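Raw contents of query-v2.cif, mmCIF, C-alpha atoms:
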```
data_work
loop_
_atom_site.label_atom_id
_atom_site.label_comp_id
_atom_site.auth_asym_id
_atom_site.auth_seq_id
_atom_site.Cartn_x
_atom_site.Cartn_y
_atom_site.Cartn_z
CA GLU A 1 34.27 -9.19 -8.32
CA ARG A 2 35.04 -11.17 -5.16
CA VAL A 3 34.61 -14.45 -7.05
CA ASN A 4 37.01 -13.26 -9.75
CA GLU A 5 39.53 -12.30 -7.07
CA ILE A 6 39.36 -15.79 -5.53
CA ILE A 7 39.72 -17.45 -8.94
CA GLU A 8 42.77 -15.33 -9.72
CA SER A 9 44.31 -15.94 -6.28
CA TYR A 10 44.27 -19.69 -6.98
CA ASP A 11 45.54 -19.08 -10.51
CA MET A 12 42.71 -21.12 -12.04
CA PRO A 13 42.88 -21.32 -15.86
CA LEU A 14 39.19 -20.55 -16.48
CA ASP A 15 37.69 -18.87 -19.53
CA SER A 16 34.84 -16.31 -19.33
CA PHE A 17 32.12 -18.95 -19.80
CA GLN A 18 33.45 -21.07 -16.92
CA ARG A 19 33.67 -18.01 -14.68
CA GLU A 20 30.07 -17.04 -15.48
CA LYS A 21 28.96 -20.60 -14.76
CA ILE A 22 30.61 -20.54 -11.32
CA ILE A 23 29.11 -17.13 -10.49
CA TYR A 24 25.66 -18.26 -11.67
CA THR A 25 25.84 -21.42 -9.53
CA LEU A 26 26.90 -19.49 -6.43
CA LEU A 27 24.13 -16.93 -6.87
CA ARG A 28 21.57 -19.68 -7.53
CA GLU A 29 22.55 -21.67 -4.44
CA TYR A 30 23.10 -18.86 -1.94
CA THR A 31 20.80 -16.01 -2.98
CA GLY A 32 18.30 -17.91 -5.14
CA TYR A 33 16.23 -21.06 -4.78
CA GLY A 34 18.81 -23.70 -5.65
CA ARG A 35 17.68 -26.35 -8.10
CA ILE A 36 14.21 -24.79 -8.50
CA ASP A 37 15.54 -21.29 -9.22
CA VAL A 38 14.75 -21.56 -12.94
CA LEU A 39 11.19 -22.65 -12.14
CA MET A 40 10.75 -19.69 -9.79
CA HIS A 41 11.70 -17.30 -12.60
CA ASP A 42 9.42 -18.84 -15.24
CA ARG A 43 6.38 -16.55 -15.47
CA TYR A 44 4.24 -19.32 -16.95
CA ILE A 45 4.62 -21.56 -13.88
CA GLU A 46 2.01 -20.98 -11.16
CA ASP A 47 2.73 -23.73 -8.59
CA ILE A 48 5.75 -25.87 -7.70
CA SER A 49 5.33 -28.90 -5.46
CA CYS A 50 7.54 -31.63 -4.02
CA ASN A 51 5.73 -34.66 -2.60
CA GLY A 52 8.75 -36.12 -0.83
CA PRO A 53 12.37 -37.20 -1.29
CA GLY A 54 13.02 -39.31 -4.36
CA ASP A 55 9.82 -38.14 -6.08
CA PRO A 56 9.98 -35.84 -9.13
CA LEU A 57 8.83 -32.26 -8.63
CA TYR A 58 5.54 -31.23 -10.23
CA ILE A 59 4.60 -27.84 -11.59
CA TYR A 60 1.34 -26.24 -12.69
CA HIS A 61 1.95 -24.50 -16.01
CA ARG A 62 -0.37 -21.77 -17.23
CA ILE A 63 -0.66 -23.43 -20.65
CA PHE A 64 0.22 -27.10 -20.16
CA GLU A 65 -1.29 -27.41 -16.65
CA SER A 66 0.12 -30.14 -14.37
CA CYS A 67 3.54 -31.36 -15.53
CA ARG A 68 6.15 -33.67 -14.04
CA THR A 69 9.72 -32.35 -14.05
CA ASN A 70 13.03 -34.20 -14.13
CA ILE A 71 14.09 -32.65 -10.80
CA VAL A 72 14.41 -35.22 -7.99
CA ILE A 73 15.71 -34.22 -4.55
CA ASP A 74 17.14 -36.68 -2.03
CA GLU A 75 16.18 -36.71 1.65
CA LEU A 76 19.13 -34.79 3.09
CA GLU A 77 19.02 -32.08 0.42
CA LEU A 78 15.24 -31.76 0.74
CA ASN A 79 15.37 -31.36 4.53
CA ARG A 80 18.01 -28.67 4.16
CA PHE A 81 16.02 -26.93 1.43
CA VAL A 82 12.81 -26.90 3.53
CA LEU A 83 14.76 -25.36 6.43
CA LYS A 84 16.27 -22.81 4.05
CA LEU A 85 12.83 -21.80 2.71
CA ALA A 86 11.48 -21.41 6.26
CA GLN A 87 14.45 -19.30 7.32
CA SER A 88 14.26 -17.10 4.20
CA ALA A 89 10.60 -16.45 5.04
CA GLY A 90 11.42 -15.62 8.67
CA LYS A 91 9.55 -18.68 9.97
CA TYR A 92 10.43 -21.55 12.29
CA ILE A 93 9.99 -25.22 11.45
CA SER A 94 11.16 -28.23 13.45
CA ILE A 95 10.19 -31.78 14.38
CA SER A 96 8.06 -30.36 17.22
CA GLN A 97 6.35 -27.92 14.82
CA PRO A 98 6.65 -29.72 11.45
CA ILE A 99 4.14 -27.63 9.45
CA THR A 100 4.32 -23.97 8.54
CA ASP A 101 2.78 -21.56 6.05
CA ALA A 102 4.92 -18.64 5.01
CA THR A 103 5.54 -15.91 2.48
CA LEU A 104 8.85 -15.98 0.63
CA PRO A 105 10.83 -12.76 0.01
CA ASP A 106 9.43 -12.52 -3.54
CA GLY A 107 5.84 -12.70 -2.21
CA SER A 108 5.18 -16.34 -3.14
CA ARG A 109 3.19 -18.46 -0.68
CA VAL A 110 4.77 -21.66 0.59
CA ASN A 111 3.52 -24.57 2.68
CA LEU A 112 6.27 -26.66 4.28
CA THR A 113 6.39 -29.94 6.18
CA LEU A 114 9.54 -31.33 7.78
CA GLY A 115 10.45 -34.99 8.20
CA GLU A 116 8.04 -37.90 8.48
CA GLU A 117 5.99 -36.58 11.41
CA VAL A 118 2.97 -35.58 9.33
CA THR A 119 3.93 -36.57 5.77
CA ARG A 120 4.99 -40.21 5.66
CA LYS A 121 7.24 -39.93 2.61
CA GLY A 122 9.28 -37.19 4.24
CA SER A 123 9.62 -33.42 3.89
CA THR A 124 7.44 -31.62 1.33
CA PHE A 125 6.91 -28.13 0.00
CA THR A 126 4.32 -26.43 -2.19
CA ILE A 127 5.00 -22.97 -3.58
CA ARG A 128 2.23 -20.81 -5.06
CA LYS A 129 4.10 -18.15 -6.97
CA PHE A 130 3.30 -14.49 -6.49
CA LYS A 131 2.47 -12.57 -9.66
CA HIS A 132 4.14 -9.17 -9.43
CA ASP A 133 2.19 -7.90 -12.43
CA PRO A 134 -1.45 -8.75 -11.65
CA ILE A 135 -3.64 -9.93 -14.49
CA SER A 136 -5.79 -7.10 -15.81
CA PRO A 137 -9.49 -7.34 -16.72
CA ILE A 138 -8.46 -7.14 -20.38
CA GLU A 139 -6.27 -10.23 -20.04
CA LEU A 140 -9.12 -12.12 -18.36
CA MET A 141 -11.34 -11.13 -21.29
CA LYS A 142 -8.74 -12.41 -23.75
CA TYR A 143 -8.49 -15.69 -21.81
CA GLY A 144 -12.28 -16.01 -22.00
CA SER A 145 -12.60 -16.01 -18.19
CA ALA A 146 -15.03 -13.09 -18.26
CA SER A 147 -16.67 -10.74 -20.75
CA ALA A 148 -16.56 -6.98 -21.20
CA GLU A 149 -20.25 -6.79 -20.25
CA LEU A 150 -19.59 -8.66 -17.02
CA PHE A 151 -16.79 -6.30 -16.02
CA ALA A 152 -18.83 -3.25 -17.07
CA PHE A 153 -21.68 -4.41 -14.83
CA LEU A 154 -19.38 -4.89 -11.83
CA TRP A 155 -17.68 -1.56 -12.60
CA ILE A 156 -21.02 0.20 -12.15
CA LEU A 157 -21.74 -1.69 -8.92
CA LEU A 158 -18.40 -0.54 -7.49
CA GLN A 159 -19.10 3.04 -8.53
CA TYR A 160 -22.28 2.93 -6.44
CA ASN A 161 -20.57 1.38 -3.38
CA LYS A 162 -21.91 -2.15 -3.66
CA SER A 163 -20.25 -5.02 -1.79
CA ILE A 164 -19.11 -8.06 -3.77
CA LEU A 165 -17.73 -11.49 -2.84
CA VAL A 166 -15.72 -13.62 -5.28
CA SER A 167 -16.43 -17.28 -4.54
CA GLY A 168 -14.97 -20.49 -5.90
CA SER A 169 -12.91 -23.58 -5.25
CA THR A 170 -9.15 -23.71 -4.71
CA ALA A 171 -7.17 -22.43 -7.74
CA ALA A 172 -10.37 -21.20 -9.44
CA GLY A 173 -8.86 -17.72 -9.89
CA LYS A 174 -10.63 -15.92 -7.03
CA THR A 175 -7.73 -13.68 -6.00
CA THR A 176 -6.80 -13.05 -9.64
CA PHE A 177 -10.35 -11.89 -10.33
CA LEU A 178 -10.43 -9.79 -7.14
CA ASN A 179 -7.19 -8.04 -8.16
CA ALA A 180 -8.68 -7.29 -11.58
CA LEU A 181 -11.88 -6.01 -9.99
CA CYS A 182 -9.94 -3.59 -7.78
CA MET A 183 -8.69 -1.80 -10.90
CA PHE A 184 -12.20 -0.34 -11.28
CA LEU A 185 -12.17 1.36 -7.86
CA ASN A 186 -12.07 5.16 -7.90
CA LYS A 187 -8.49 6.40 -7.70
CA GLU A 188 -9.43 8.83 -4.90
CA ALA A 189 -10.99 6.10 -2.75
CA LYS A 190 -9.22 5.05 0.44
CA ILE A 191 -8.72 1.28 0.35
CA VAL A 192 -7.69 -0.93 3.26
CA SER A 193 -6.83 -4.54 2.44
CA ILE A 194 -6.67 -7.32 5.04
CA GLU A 195 -4.90 -10.58 4.29
CA ASP A 196 -3.49 -13.66 5.88
CA THR A 197 -0.75 -13.80 3.22
CA ALA A 198 -0.02 -10.83 0.96
CA GLU A 199 -1.64 -11.57 -2.42
CA ILE A 200 -3.63 -8.46 -3.25
CA ASN A 201 -1.63 -6.25 -5.59
CA ILE A 202 -3.39 -3.16 -6.89
CA TYR A 203 -2.18 -0.04 -8.69
CA HIS A 204 -3.56 2.49 -6.23
CA ASP A 205 -1.97 5.32 -4.24
CA ASN A 206 -4.46 5.61 -1.37
CA TRP A 207 -4.10 2.00 -0.20
CA ILE A 208 -3.20 0.52 3.19
CA GLN A 209 -2.08 -3.10 2.88
CA SER A 210 -2.29 -4.99 6.19
CA VAL A 211 -1.20 -8.59 6.77
CA ALA A 212 -1.89 -10.89 9.72
CA ARG A 213 0.94 -11.95 12.01
CA ILE A 214 1.53 -15.25 13.77
CA GLY A 215 2.48 -14.81 17.42
CA PHE A 216 5.13 -16.45 19.53
CA GLY A 217 5.36 -19.69 21.50
CA GLY A 218 3.37 -22.89 21.09
CA GLY A 219 0.02 -23.42 19.40
CA ARG A 220 -1.15 -23.24 15.82
CA GLY A 221 -2.24 -19.68 15.33
CA GLY A 222 -5.02 -17.22 15.95
CA GLU A 223 -8.71 -17.66 16.40
CA SER A 224 -9.48 -16.38 12.94
CA GLY A 225 -7.06 -18.73 11.29
CA THR A 226 -3.94 -16.77 10.54
CA SER A 227 -1.85 -19.83 9.93
CA GLY A 228 -4.12 -22.70 9.06
CA THR A 229 -4.71 -24.46 5.80
CA SER A 230 -6.33 -22.26 3.18
CA GLY A 231 -10.08 -22.32 3.35
CA ILE A 232 -10.46 -24.33 6.56
CA SER A 233 -8.85 -22.05 9.10
CA GLY A 234 -10.42 -20.84 12.28
CA ILE A 235 -11.31 -24.28 13.63
CA SER A 236 -12.53 -24.04 17.20
CA GLY A 237 -10.12 -25.22 19.85
CA ILE A 238 -7.07 -23.58 18.27
CA GLN A 239 -5.59 -21.24 20.85
CA ARG A 240 -4.20 -17.80 20.19
CA ARG A 241 -0.50 -17.29 20.71
CA PRO A 242 0.87 -14.22 22.48
CA GLY A 243 1.41 -11.58 19.82
CA ASP A 244 -1.08 -12.98 17.29
CA ILE A 245 -2.52 -10.34 14.97
CA THR A 246 -5.52 -11.98 13.33
CA LEU A 247 -7.71 -10.97 10.41
CA TYR A 248 -10.34 -10.05 13.00
CA ASP A 249 -7.89 -7.64 14.67
CA LEU A 250 -6.94 -6.11 11.34
CA LEU A 251 -10.57 -5.67 10.32
CA ALA A 252 -11.42 -3.98 13.62
CA ALA A 253 -8.50 -1.61 13.07
CA ALA A 254 -9.51 -0.97 9.44
CA LEU A 255 -12.98 0.17 10.46
CA ARG A 256 -11.36 2.95 12.50
CA GLN A 257 -9.41 4.21 9.48
CA ARG A 258 -12.44 5.51 7.58
CA PRO A 259 -11.96 3.42 4.44
CA ASP A 260 -14.07 3.83 1.32
CA TYR A 261 -13.57 0.14 0.55
CA ILE A 262 -12.39 -2.76 2.71
CA ILE A 263 -10.84 -5.72 0.90
CA VAL A 264 -10.57 -9.03 2.77
CA GLY A 265 -8.21 -11.38 0.92
CA GLU A 266 -10.01 -14.48 2.12
CA VAL A 267 -13.10 -14.52 4.35
CA ARG A 268 -12.93 -17.62 6.51
CA GLY A 269 -13.01 -17.00 10.27
CA ALA A 270 -14.37 -14.81 13.04
CA GLU A 271 -13.67 -11.71 10.94
CA ALA A 272 -16.62 -12.64 8.67
CA TYR A 273 -19.18 -11.54 11.26
CA THR A 274 -17.50 -8.15 11.68
CA MET A 275 -17.17 -7.72 7.91
CA PHE A 276 -20.88 -8.31 7.30
CA GLN A 277 -21.72 -5.99 10.17
CA ALA A 278 -19.60 -3.34 8.45
CA ILE A 279 -21.40 -3.94 5.15
CA SER A 280 -24.78 -3.65 6.84
CA VAL A 281 -23.94 -0.19 8.24
CA GLY A 282 -22.58 1.16 4.95
CA HIS A 283 -18.92 0.11 4.65
CA PRO A 284 -18.57 -1.35 1.13
CA SER A 285 -16.37 -4.43 1.06
CA LEU A 286 -14.77 -6.88 -1.35
CA GLY A 287 -13.40 -10.32 -0.61
CA THR A 288 -12.97 -13.93 -1.63
CA ILE A 289 -14.36 -17.09 -0.07
CA HIS A 290 -14.15 -20.84 -0.72
CA SER A 291 -17.46 -22.25 -1.99
CA GLY A 292 -18.75 -23.50 -5.31
CA SER A 293 -22.43 -22.51 -5.20
CA LEU A 294 -24.83 -20.21 -3.38
CA PRO A 295 -26.31 -22.95 -1.11
CA GLU A 296 -22.79 -24.07 -0.22
CA LEU A 297 -21.78 -20.46 0.45
CA ILE A 298 -24.76 -19.83 2.73
CA SER A 299 -24.13 -23.06 4.62
CA ARG A 300 -20.48 -22.15 5.14
CA ILE A 301 -21.20 -18.57 6.18
CA GLU A 302 -23.77 -19.66 8.77
CA SER A 303 -21.57 -22.39 10.29
CA ASN A 304 -18.55 -22.27 12.60
CA PRO A 305 -16.26 -20.38 12.69
CA MET A 306 -18.02 -17.56 10.77
CA ASN A 307 -21.49 -17.78 12.33
CA VAL A 308 -22.97 -15.02 10.19
CA PRO A 309 -26.78 -14.91 10.55
CA ARG A 310 -28.72 -14.88 7.32
CA PRO A 311 -30.22 -11.38 7.83
CA LEU A 312 -26.67 -10.02 8.08
CA PHE A 313 -25.51 -11.96 5.00
CA ALA A 314 -28.42 -10.41 3.07
CA SER A 315 -26.65 -7.04 3.33
CA LEU A 316 -24.19 -8.30 0.69
CA ASP A 317 -24.99 -7.10 -2.84
CA ALA A 318 -23.49 -9.64 -5.26
CA VAL A 319 -21.48 -12.85 -5.46
CA VAL A 320 -19.23 -13.73 -8.41
CA PHE A 321 -18.74 -17.50 -8.76
CA THR A 322 -15.52 -18.59 -10.46
CA SER A 323 -14.67 -22.15 -11.40
CA ILE A 324 -12.26 -24.43 -13.24
CA VAL A 325 -14.13 -26.12 -16.08
CA PRO A 326 -13.02 -28.82 -18.55
CA GLY A 327 -12.06 -27.76 -22.06
CA ASN A 328 -13.89 -28.93 -25.16
CA VAL A 329 -12.52 -31.48 -27.63
CA GLN A 330 -10.63 -28.90 -29.70
CA GLU A 331 -9.07 -27.38 -26.58
CA GLU A 332 -8.06 -30.80 -25.28
CA GLN A 333 -6.31 -31.48 -28.58
CA LYS A 334 -4.33 -28.28 -27.96
CA LYS A 335 -3.45 -29.59 -24.46
CA GLN A 336 -5.74 -27.06 -22.78
CA ARG A 337 -7.70 -29.52 -20.68
CA LYS A 338 -9.05 -26.99 -18.17
CA LYS A 339 -9.95 -23.32 -18.16
CA ARG A 340 -11.10 -20.77 -15.60
CA ARG A 341 -14.48 -19.14 -16.06
CA VAL A 342 -16.84 -16.87 -14.16
CA LYS A 343 -19.79 -19.26 -13.98
CA SER A 344 -22.36 -16.80 -12.66
CA VAL A 345 -23.00 -13.49 -10.94
CA VAL A 346 -25.78 -13.62 -8.34
CA GLU A 347 -27.46 -10.52 -6.90
CA ILE A 348 -28.45 -10.75 -3.22
CA LEU A 349 -31.67 -8.76 -3.06
CA ASP A 350 -33.45 -9.31 0.25
CA LEU A 351 -34.53 -11.81 2.88
CA ASP A 352 -38.02 -13.30 3.05
CA LEU A 353 -38.83 -12.88 6.74
CA GLU A 354 -41.54 -15.55 6.66
CA THR A 355 -39.48 -18.35 5.10
CA ASN A 356 -35.98 -17.05 5.96
CA ASP A 357 -35.04 -17.65 2.31
CA LEU A 358 -32.75 -15.30 0.45
CA MET A 359 -34.23 -13.51 -2.55
CA THR A 360 -31.61 -13.67 -5.31
CA ASN A 361 -31.26 -13.02 -9.01
CA GLU A 362 -28.73 -14.67 -11.33
CA VAL A 363 -27.93 -11.62 -13.42
CA MET A 364 -25.13 -13.24 -15.45
CA ARG A 365 -24.43 -16.82 -16.40
CA TRP A 366 -21.75 -18.59 -18.41
CA GLU A 367 -23.13 -20.79 -21.18
CA PRO A 368 -20.79 -23.75 -21.77
CA ALA A 369 -22.39 -24.66 -25.11
CA ASP A 370 -20.94 -21.62 -26.89
CA ASP A 371 -18.58 -20.36 -24.16
CA SER A 372 -20.46 -17.08 -23.81
CA PHE A 373 -21.97 -14.98 -21.04
CA ARG A 374 -25.69 -14.22 -20.83
CA PHE A 375 -26.93 -11.07 -19.10
CA THR A 376 -30.48 -10.77 -17.74
CA LYS A 377 -32.36 -8.03 -15.89
CA SER A 378 -30.49 -6.51 -12.96
CA PHE A 379 -32.51 -5.74 -9.86
CA LEU A 380 -29.50 -3.98 -8.36
CA PHE A 381 -29.83 -1.41 -11.15
CA GLU A 382 -33.38 -0.91 -9.92
CA GLU A 383 -32.05 -0.47 -6.38
CA ILE A 384 -29.39 2.01 -7.54
CA SER A 385 -32.05 3.91 -9.47
CA GLN A 386 -34.19 4.33 -6.36
CA GLU A 387 -31.24 5.14 -4.10
CA PHE A 388 -29.33 7.58 -6.33
CA GLY A 389 -32.02 8.88 -8.67
CA VAL A 390 -30.44 7.45 -11.82
CA LYS A 391 -32.77 5.96 -14.42
CA GLU A 392 -32.38 2.24 -15.09
CA ARG A 393 -32.18 2.90 -18.83
CA GLU A 394 -29.25 5.26 -18.23
CA LEU A 395 -27.48 2.57 -16.19
CA ARG A 396 -27.99 0.02 -18.98
CA ASP A 397 -26.72 2.50 -21.57
CA GLU A 398 -23.71 3.31 -19.38
CA MET A 399 -22.96 -0.38 -18.98
CA LYS A 400 -22.94 -0.77 -22.76
CA ARG A 401 -20.62 2.24 -23.17
CA ARG A 402 -18.18 0.86 -20.62
CA ALA A 403 -18.26 -2.56 -22.26
CA ASP A 404 -17.43 -0.86 -25.58
CA VAL A 405 -14.50 0.92 -23.90
CA LEU A 406 -13.16 -2.35 -22.47
CA ASN A 407 -13.58 -4.11 -25.82
CA TYR A 408 -11.70 -1.31 -27.58
CA ILE A 409 -8.86 -1.49 -25.04
CA SER A 410 -8.71 -5.22 -25.79
CA GLU A 411 -8.75 -4.64 -29.57
CA MET A 412 -5.84 -2.21 -29.22
CA ASN A 413 -3.97 -4.95 -27.31
CA ILE A 414 -3.43 -2.90 -24.15
CA THR A 415 -3.07 -5.45 -21.35
CA ASP A 416 -0.57 -4.05 -18.81
CA PHE A 417 -2.36 -3.52 -15.51
CA ARG A 418 -0.92 -0.01 -15.07
CA ASP A 419 -2.09 1.18 -18.48
CA VAL A 420 -5.49 -0.47 -18.04
CA THR A 421 -5.98 1.09 -14.60
CA ARG A 422 -5.01 4.55 -15.87
CA LEU A 423 -7.45 4.29 -18.79
CA ILE A 424 -10.28 3.14 -16.51
CA GLN A 425 -9.64 6.11 -14.21
CA SER A 426 -9.42 8.46 -17.21
CA TYR A 427 -12.90 7.38 -18.26
CA HIS A 428 -14.34 8.92 -15.10
CA ILE A 429 -12.61 12.23 -15.86
CA ASN A 430 -13.18 12.44 -19.62
CA PRO A 431 -15.53 9.74 -20.96
CA ASP A 432 -15.88 11.48 -24.32
CA GLY A 433 -12.13 11.50 -24.98
CA ILE A 434 -11.40 7.97 -23.80
CA PHE A 435 -11.08 6.43 -27.27
CA GLU A 436 -8.41 8.96 -28.26
CA MET A 437 -6.55 8.20 -25.01
CA ILE A 438 -6.70 4.47 -25.75
CA GLU A 439 -5.18 5.06 -29.20
CA GLU A 440 -2.37 7.10 -27.63
CA VAL A 441 -1.53 4.34 -25.14
CA ALA A 442 -1.78 1.50 -27.68
CA PRO A 443 1.56 -0.18 -28.54
#
```
Before anything else, please render the file you have as structure tokens.
Amino acid sequence: ERVNEIIESYDMPLDSFQREKIIYTLLREYTGYGRIDVLMHDRYIEDISCNGPGDPLYIYHRIFESCRTNIVIDELELNRFVLKLAQSAGKYISISQPITDATLPDGSRVNLTLGEEVTRKGSTFTIRKFKHDPISPIELMKYGSASAELFAFLWILLQYNKSILVSGSTAAGKTTFLNALCMFLNKEAKIVSIEDTAEINIYHDNWIQSVARIGFGGGRGGESGTSGTSGISGISGIQRRPGDITLYDLLAAALRQRPDYIIVGEVRGAEAYTMFQAISVGHPSLGTIHSGSLPELISRIESNPMNVPRPLFASLDAVVFTSIVPGNVQEEQKKQRKKRRVKSVVEILDLDLETNDLMTNEVMRWEPADDSFRFTKSFLFEEISQEFGVKERELRDEMKRRADVLNYISEMNITDFRDVTRLIQSYHINPDGIFEMIEEVAP
């Protein structure tokens, strides 16, 4: 209305299309993201990155993967845009502090650098877009990232309070898988999530979402890595600022809140020791961590800054390894050069006190030859049987029933995370009537 008033006050001869164009441009520049506003609203785009002034922006598209755009930003505009992003996220960036990580108002993560102090081409930004509607287990099944049997197995582990880590490289889909996994948690359970940057998004009423805070003054963040680069935070020698609230602080507070499940968005610093202590005394936990294999994971867990001794790590129950794998010839012809897959699920059984070796069992494995998932004997089922008095055969039968339920939800094309979560919770209440409920919800 105000724009129309200004146009009329200057007696501009503009038609409705021209007026809409002016209003759109003003909204885009002052309340949106300027020249990348369209990219920010494209649900198929996952990442947006600018490598410097004069270079074209690159995006990561969900279907076409890495693509170069025709958007090129000059030095002055880029510097102003980086400052605008920092200010919109409530962060400070300057020549004296030329790097910052932040969360934009829409929940997207952004890494910013200003000037040529640390990036020789000039200012840069990388935005990892926040998905407001998390991907459901059914969607991951349709993408081929996981199978119904795999999710049914993990569903049973969660029911019996087992602790699970999701491990993989950068952009391997760890947080996406963790969000999907959380949909299997009992709706009455009290959940406390702990994150450096808000990424966990679950459809759950009894949920406390806590996020770390960077303090004030000089320095580069807290001892558990509240502001460092993803996956390598918590480097010794980094001093805490006054007012820092680290993942370690949040975890210590969470343990006093009597949670049924603790979710750590990314395990990477001093909080790891406390988390594994909590697991060892009966606080079930979920989390993600950067590592591509079990030996790599153990090495990382036992080293600085985590320093988790192997006997404590052995209290974990299972690790899900996710990965980005190359597509086959047919997929490459369709421009799908890479795909995300759960490569394996490893059960952590015990520790050999004589050799200090972990006793593990690869219960599920992805077979690249036919793009399928193979399930072998579960020793955790044996453990659950002894602990809760449930026969192993009953657990295997229940796993098959739940896999059938998930497959039927997929066949009925129900993918929305709210509908999927409600159906999963309904199964606990009325397992015999679940198929009728699925048919009622189906589009």
Given the PyMOL selection byres ((chain A and resi 353-369) around 10), the residues it picks as a PDB file with C-alpha atoms, keeping the file's coordinate frame:
```
ATOM      1  CA  SER A 145     -12.600 -16.010 -18.190  1.00  0.00           C
ATOM      2  CA  ALA A 146     -15.030 -13.090 -18.260  1.00  0.00           C
ATOM      3  CA  SER A 147     -16.670 -10.740 -20.750  1.00  0.00           C
ATOM      4  CA  GLU A 149     -20.250  -6.790 -20.250  1.00  0.00           C
ATOM      5  CA  LEU A 150     -19.590  -8.660 -17.020  1.00  0.00           C
ATOM      6  CA  PHE A 153     -21.680  -4.410 -14.830  1.00  0.00           C
ATOM      7  CA  LEU A 294     -24.830 -20.210  -3.380  1.00  0.00           C
ATOM      8  CA  ILE A 298     -24.760 -19.830   2.730  1.00  0.00           C
ATOM      9  CA  ARG A 310     -28.720 -14.880   7.320  1.00  0.00           C
ATOM     10  CA  PRO A 311     -30.220 -11.380   7.830  1.00  0.00           C
ATOM     11  CA  PHE A 313     -25.510 -11.960   5.000  1.00  0.00           C
ATOM     12  CA  ALA A 314     -28.420 -10.410   3.070  1.00  0.00           C
ATOM     13  CA  ASP A 317     -24.990  -7.100  -2.840  1.00  0.00           C
ATOM     14  CA  ALA A 318     -23.490  -9.640  -5.260  1.00  0.00           C
ATOM     15  CA  VAL A 319     -21.480 -12.850  -5.460  1.00  0.00           C
ATOM     16  CA  VAL A 320     -19.230 -13.730  -8.410  1.00  0.00           C
ATOM     17  CA  PHE A 321     -18.740 -17.500  -8.760  1.00  0.00           C
ATOM     18  CA  VAL A 325     -14.130 -26.120 -16.080  1.00  0.00           C
ATOM     19  CA  PRO A 326     -13.020 -28.820 -18.550  1.00  0.00           C
ATOM     20  CA  GLY A 327     -12.060 -27.760 -22.060  1.00  0.00           C
ATOM     21  CA  ASN A 328     -13.890 -28.930 -25.160  1.00  0.00           C
ATOM     22  CA  ARG A 341     -14.480 -19.140 -16.060  1.00  0.00           C
ATOM     23  CA  VAL A 342     -16.840 -16.870 -14.160  1.00  0.00           C
ATOM     24  CA  LYS A 343     -19.790 -19.260 -13.980  1.00  0.00           C
ATOM     25  CA  SER A 344     -22.360 -16.800 -12.660  1.00  0.00           C
ATOM     26  CA  VAL A 345     -23.000 -13.490 -10.940  1.00  0.00           C
ATOM     27  CA  VAL A 346     -25.780 -13.620  -8.340  1.00  0.00           C
ATOM     28  CA  GLU A 347     -27.460 -10.520  -6.900  1.00  0.00           C
ATOM     29  CA  ILE A 348     -28.450 -10.750  -3.220  1.00  0.00           C
ATOM     30  CA  LEU A 349     -31.670  -8.760  -3.060  1.00  0.00           C
ATOM     31  CA  ASP A 350     -33.450  -9.310   0.250  1.00  0.00           C
ATOM     32  CA  LEU A 351     -34.530 -11.810   2.880  1.00  0.00           C
ATOM     33  CA  ASP A 352     -38.020 -13.300   3.050  1.00  0.00           C
ATOM     34  CA  ASP A 370     -20.940 -21.620 -26.890  1.00  0.00           C
ATOM     35  CA  ASP A 371     -18.580 -20.360 -24.160  1.00  0.00           C
ATOM     36  CA  SER A 372     -20.460 -17.080 -23.810  1.00  0.00           C
ATOM     37  CA  PHE A 373     -21.970 -14.980 -21.040  1.00  0.00           C
ATOM     38  CA  ARG A 374     -25.690 -14.220 -20.830  1.00  0.00           C
ATOM     39  CA  PHE A 375     -26.930 -11.070 -19.100  1.00  0.00           C
ATOM     40  CA  THR A 376     -30.480 -10.770 -17.740  1.00  0.00           C
ATOM     41  CA  LYS A 377     -32.360  -8.030 -15.890  1.00  0.00           C
ATOM     42  CA  SER A 378     -30.490  -6.510 -12.960  1.00  0.00           C
ATOM     43  CA  PHE A 379     -32.510  -5.740  -9.860  1.00  0.00           C
ATOM     44  CA  LEU A 380     -29.500  -3.980  -8.360  1.00  0.00           C
TER      45      LEU A 380
END
```
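Using all atoms listed in the file, the nearest neighbour of A:Leu185 within the list A:Ile200, A:Ile127, A:Met12, A:Leu157 is A:Leu157.
Note on the selection: in this file the PyMOL selection byres ((chain A and resi 133) around 9) comes out as A:Phe130, A:Lys131, A:His132, A:Pro134, A:Ile135, A:Ser136, A:Asn201, A:Asp416, A:Phe417, A:Arg418.
Nearest residue to A:Pro53 among A:Leu14, A:Ser94, A:Phe125, A:Asn307 is A:Phe125, counting all atoms listed in the file.
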Hits from the PyMOL selection byres ((chain A and resi 162-179) around 8), listed as an MDAnalysis selection string
chainID A and resid 134:137 157:161 180:183 199:202 265 279 284:293 297 316:324 340
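Closest approach to A:Ile23 from the set A:Thr274, A:Val118, A:Ile194, A:Arg2 is made by A:Arg2, with distances taken over only C-alpha atoms.
As for atom CA of A:Gln209 and atom CA of A:Gly282, they are spaced 21.0 Å apart.
Coordinates place atom CA of A:Glu46 at a distance of 17.5 Å from atom CA of A:Asn70.
Look at everything within 7 Å of (7.1, -17.0, 2.8) using only C-alpha atoms, and the residues you get are A:Ala89, A:Ala102, A:Thr103, A:Leu104, A:Pro105, A:Gly107, A:Ser108, A:Arg109, A:Val110.
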Can you check which parts of stretch 20-46 of chain A lie within 10 Å of stretch 61-64 of chain A? Per residue, the shortest pair of atoms and distance in Å to one decimal, counting only C-alpha atoms, sorted by chain and number, as a tab-separated table.
```
residue	atom	partner	partner_atom	distance
A:Asp42	CA	A:His61	CA	9.4
A:Arg43	CA	A:Arg62	CA	8.7
A:Tyr44	CA	A:Arg62	CA	5.2
A:Ile45	CA	A:His61	CA	4.5
A:Glu46	CA	A:His61	CA	6.0
```
